[in-house]
Each structure stands twice: as structure tokens, then as C-alpha cells.
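Structure record follows, encoded as C-alpha cells.
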Amino acid sequence: MTGRMDLLAHLEAYVATVDEASFSRAADRLGIAQPLLSRRIKTLEAHFGGLLFDRSRRQVATTELGMLLLPYAQDVLDRAERLGQAARSARQAQVRAVGVPAHCAPAALAGVIRAGTEHGITLGVRELPPQERVTGLADGSLTCALVRVAPEQGAFRVPLGLASAPPSDARVPEGAEPQGRRRRALHLEDLRPRRSRATGGERAAALPLLILTEDEVPYAYDRLVRAAARSGLPEGLIRSAGPAATALAETLAGRSMLLCAEPFARQHGATWAPLADASLHRGYDVQGTRRQRGAQDVPDWLVASLAGAAGATSAVPDPRRTGAPGEDAAARLAARG
């Protein structure tokens with residue numbers, strides 16, 4: 001015998017033969033061919049230096065050595081079974097790290113953790129920048145993650161818009177209306193400076209447009225810069241937001257606008273208007289770590305929960321998918337589960 005796992009297989013053959021008093025029935029019980037079972041018994045007898053069964057009779061009989069060793073063999077198998085159960089319990093209790101965008105609402109992240117608990121899985125939610133989520137999947141430190149993709153290619157989309165100071169501030173961009181009212185979609189050309197009577201007809205300075213780390217992925221940033229240029233916005237208007245707290249302070253004071261999702265703006269008391277250009281929205285896929293062939297996809301209930309936490313409100317139109325193009329992504333994914 002070459003190892004402990006071989007020993008377990010040989011002991012299983014031995015105990016099953018004692019219980020069944022038949023080589024054929026023992027082989028059927030273990031789901032193996034009878035010649036293989038017989039070879040395991042002979043190998044075990046050679047290892048212990050004596051016969052375990054008397055084969056001279058018509059019915060298989062256990063020898064004295066076989067009866068003497070039987071309780072020890074059963075004990076080894078029982079301990080191996082308990083060891084396996086402990087390993088399964090440990091795997092089920094293991095915290096599975098999930099990578100999500102920074103600045104998700106705490107209540108939404110709590111919903112993700114609660115969904116895991118309901119399915120018997122302990123989830124550890126980690127708020128990370130886009131590239132760190134991709135790296136975490138590659139090195140195995142994350143079990144699954146929300147991965148940024150182009151909005152037209154993602155499983156679901158998160159509309160982006162501009163957060164600004166409350167509407168009492170004269171510099172609120174047109175279309176950014178108070179919460180609860182119908183909001184007109186905002187075009188980037190709406191942000192172009194306009195002539196003001198108070199300044200003798202001179203154009204007022206445009207407010208800086210701040211972007212969070214989540215939207216600094218190269219393709220998204222490039223799209224935004226190109227769209228701003230086509231809209232006639234001043235060069236250099238788009239800037240990195242830096243720390244979120246500083247960006248929010250600047251935005252609520254009316255000194256800038258912040259590109260973000262609606263839940264983030266609402267959470268911090270800012271006015272928000274959606275961008276009309278859907279190509280500037282966030283696209284996401286939920287991807288899992290696949291270290292071996294045959295690994296299962298991320299379960300639908302987790303995909304739906306993460307979609308809600310990210311603020312997904314509309315599915316990407318795709319003729320291969322079911323459901324209307326404007327259908328709520330979280331509800332659609334939940335229905336799949």
C-alpha cells in the first residue's frame with residue numbers, strides 16, 4: 001500500500017466483506033468490481049501478515065485475526081468519516097470574500113451579507129477600486145467580485161449622473177432637480193458656461209466635474225473626456241475627485257459637480273440628475289474565481305444581491321437575454337434564481 005488513502009479503501013473492503021459475508025455483495029455495496037475488492041483484501045492480508053477470511057468454505061468466514069482487527073478497522077473508518085465532516089463544516093463556515101465598488105450604501109452591503117447568511121454562506125464584503133477587484137480574482141483573495149466592463153457589454157448597468165448642491169444654489173445645472181420630482185436627463189452640453197447679465201454678458205466659469213476612482217478606469221475616463229470635448233466643454237473641466245469626503249464637501253458647497261450613481265448622491269443629501277448618454281454609465285459583470293475546470297458560476301441569488309448593492313436599475317439591452325430592455329436588473333436576476 002502506498003498511502004493512508006489506500007489504507008482507507010482497503011479497510012472499507014475488509015469491513016464491508018465482514019458485514020456482508022460475501023465478496024460479491026461487498027463489492028456491490030462499495031460500487032466496485034469484485035476482482036478489485038478481492039485484490040484489496042489480499043493486499044491487506046499481506047500487510048497484516050495473516051488471513052482475514054477463510055475461503056475454504058462455501059460461505060466467506062472471518063478468521064480469528066479478522067475478528068480481532070475488525071473493531072480497530074471500524075474505528076479508523078469512523079475517525080476518517082468524522083474528519084471529513086469536520087472539513088465540510090469548516091468549508092461551509094469559511095468566509096468568502098466578495099469585492100464590490102467603494103462607496104456602496106451600508107444598508108445595501110448589509111443586504112448582501114444577509115443574503116449569504118440565508119443561503120448558509122458567510123460573506124465578507126470588501127470595498128475595492130476596480131483594478132484591485134480584478135487582481136483579487138486572479139490571486140484568489142476574492143471569491144467573486146463586481147468587475148467593471150463597458151455598459152453595453154455588462155450583465156447589468158448602473159446609470160451615472162451629476163450630483164450637485166441643493167437647488168437653492170444658483171449654480172445648480174439645469175435638469176438637476178430635487179429628490180421626488182421628475183428629473184430630466186442631463187446632456188453634457190447643458191453644462192457649457194452661459195452668458196450672464198450680472199457679468200455684463202461674459203460667460204460664467206463652468207464648475208469642475210469630479211470623478212471617483214470607480215470611474216477612472218481607462219476606457220470610461222476616455223469616453224467621458226471625448227464626450228465632453230464633443231459637447232464643447234472647456235478642456236481640463238474633468239478632474240479626479242480624490243478623497244470622497246473632500247469631493248462631497250466641494251459639491252455640496254456648490255463649487256463642483258460629482259459624477260456618481262444616484263444612491264451615492266441621495267445618501268449624502270446631494271441633488272442628482274441622470275446623464276442622457278448611456279455609453280457613459282457603469283457596466284458590470286459578476287465574476288468568480290475559477291481555479292479548476294468545472295467550477296460553478298456565481299449563484300444567481302448573489303448576482304442579484306450584488307446588482308442591487310451597486311445601484312443597478314436597468315438591464316443592458318441584449319436580444320439573447322430574456323426580459324424587456326428597461327427591466328430592473330436586480331429583479332430580473334432574482335427571478336432567474
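Chain lettering (A, B, ...) mirrors the order of the C-alpha cells, residue numbering begins at 1 for each chain separately, and ligand numbering begins at 1 in order of display.
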Find the residues near region 41-54 of chain A: any atom within 12 Å, counting only C-alpha atoms, skip ones fewer than 4 places away on the same chain, and give them as number ranges by chain. A: 1-2, 6-18, 21-23, 26-27, 34-37, 58-70, 73
Determine which residues of region 207-250 of chain A DSSP labels as strand (DSSP E or B) from the backbone of this structure, then write them out as a VMD selection string. chain A and resid 209 to 211 238 to 240
Write out the residues from the selection above, keeping N, CA, C and O atoms, as a PDB file, in the first residue's frame.
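Output file part.pdb is given in full below:
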```pdb
ATOM      1  N   LEU A 209     -15.944  69.118 -13.018  1.00  0.00           N
ATOM      2  CA  LEU A 209     -16.655  67.842 -12.966  1.00  0.00           C
ATOM      3  C   LEU A 209     -15.719  66.811 -12.348  1.00  0.00           C
ATOM      4  O   LEU A 209     -14.724  66.425 -12.962  1.00  0.00           O
ATOM      5  N   LEU A 210     -16.025  66.372 -11.137  1.00  0.00           N
ATOM      6  CA  LEU A 210     -15.171  65.454 -10.399  1.00  0.00           C
ATOM      7  C   LEU A 210     -15.600  64.012 -10.650  1.00  0.00           C
ATOM      8  O   LEU A 210     -16.804  63.715 -10.711  1.00  0.00           O
ATOM      9  N   ILE A 211     -14.618  63.112 -10.776  1.00  0.00           N
ATOM     10  CA  ILE A 211     -14.940  61.701 -10.971  1.00  0.00           C
ATOM     11  C   ILE A 211     -14.264  60.881  -9.876  1.00  0.00           C
ATOM     12  O   ILE A 211     -13.137  61.147  -9.480  1.00  0.00           O
ATOM     13  N   ILE A 238     -12.753  68.113 -16.395  1.00  0.00           N
ATOM     14  CA  ILE A 238     -12.899  66.833 -15.696  1.00  0.00           C
ATOM     15  C   ILE A 238     -11.672  66.596 -14.831  1.00  0.00           C
ATOM     16  O   ILE A 238     -10.539  66.636 -15.317  1.00  0.00           O
ATOM     17  N   ARG A 239     -11.877  66.342 -13.557  1.00  0.00           N
ATOM     18  CA  ARG A 239     -10.786  66.173 -12.609  1.00  0.00           C
ATOM     19  C   ARG A 239     -11.048  64.972 -11.709  1.00  0.00           C
ATOM     20  O   ARG A 239     -12.196  64.595 -11.484  1.00  0.00           O
ATOM     21  N   SER A 240      -9.962  64.401 -11.179  1.00  0.00           N
ATOM     22  CA  SER A 240     -10.093  63.317 -10.210  1.00  0.00           C
ATOM     23  C   SER A 240     -10.696  63.868  -8.918  1.00  0.00           C
ATOM     24  O   SER A 240     -10.318  64.953  -8.457  1.00  0.00           O
TER      25      SER A 240
END
```
To one decimal place in Å, what is the distance between CA of Leu259 (chain A) and CA of Ala145 (chain A)?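 That distance, rounded to one decimal, is 22.4 Å.
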Å distance separating CA of Asp75 (chain A) from CA of Glu20 (chain A), one decimal place: 18.3 Å
Spatial neighbours of Ala261 (chain A), max dist 12 Å, only C-alpha atoms, sep filter under 4 positions, as a ChimeraX atom specification: /A:101-105,157-163,211-212,214-215,265-268,270-275,280-283,309-313
Suppose you want the space between CA of Asp285 (chain A) and CA of Arg114 (chain A); what is it in Å?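 Atom-to-atom, CA of Asp285 (chain A) and CA of Arg114 (chain A) are spaced 21.1 Å apart.
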Counting only C-alpha atoms, the residue of A:Tyr219, A:Ala97, A:Leu258, A:Ser231 that sits nearest Gly140 (chain A):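 Closest to Gly140 (chain A), using only C-alpha atoms: A:Ala97.
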Neighbours of Thr143 (chain A) within 10 Å (only C-alpha atoms; same-chain residues fewer than 3 positions away dropped), as a count of residues only? 17
In terms of only C-alpha atoms, the residue from A:His187, A:Val125, A:Gly254, A:Gly31 at minimal distance from Ala108 (chain A) is A:Val125
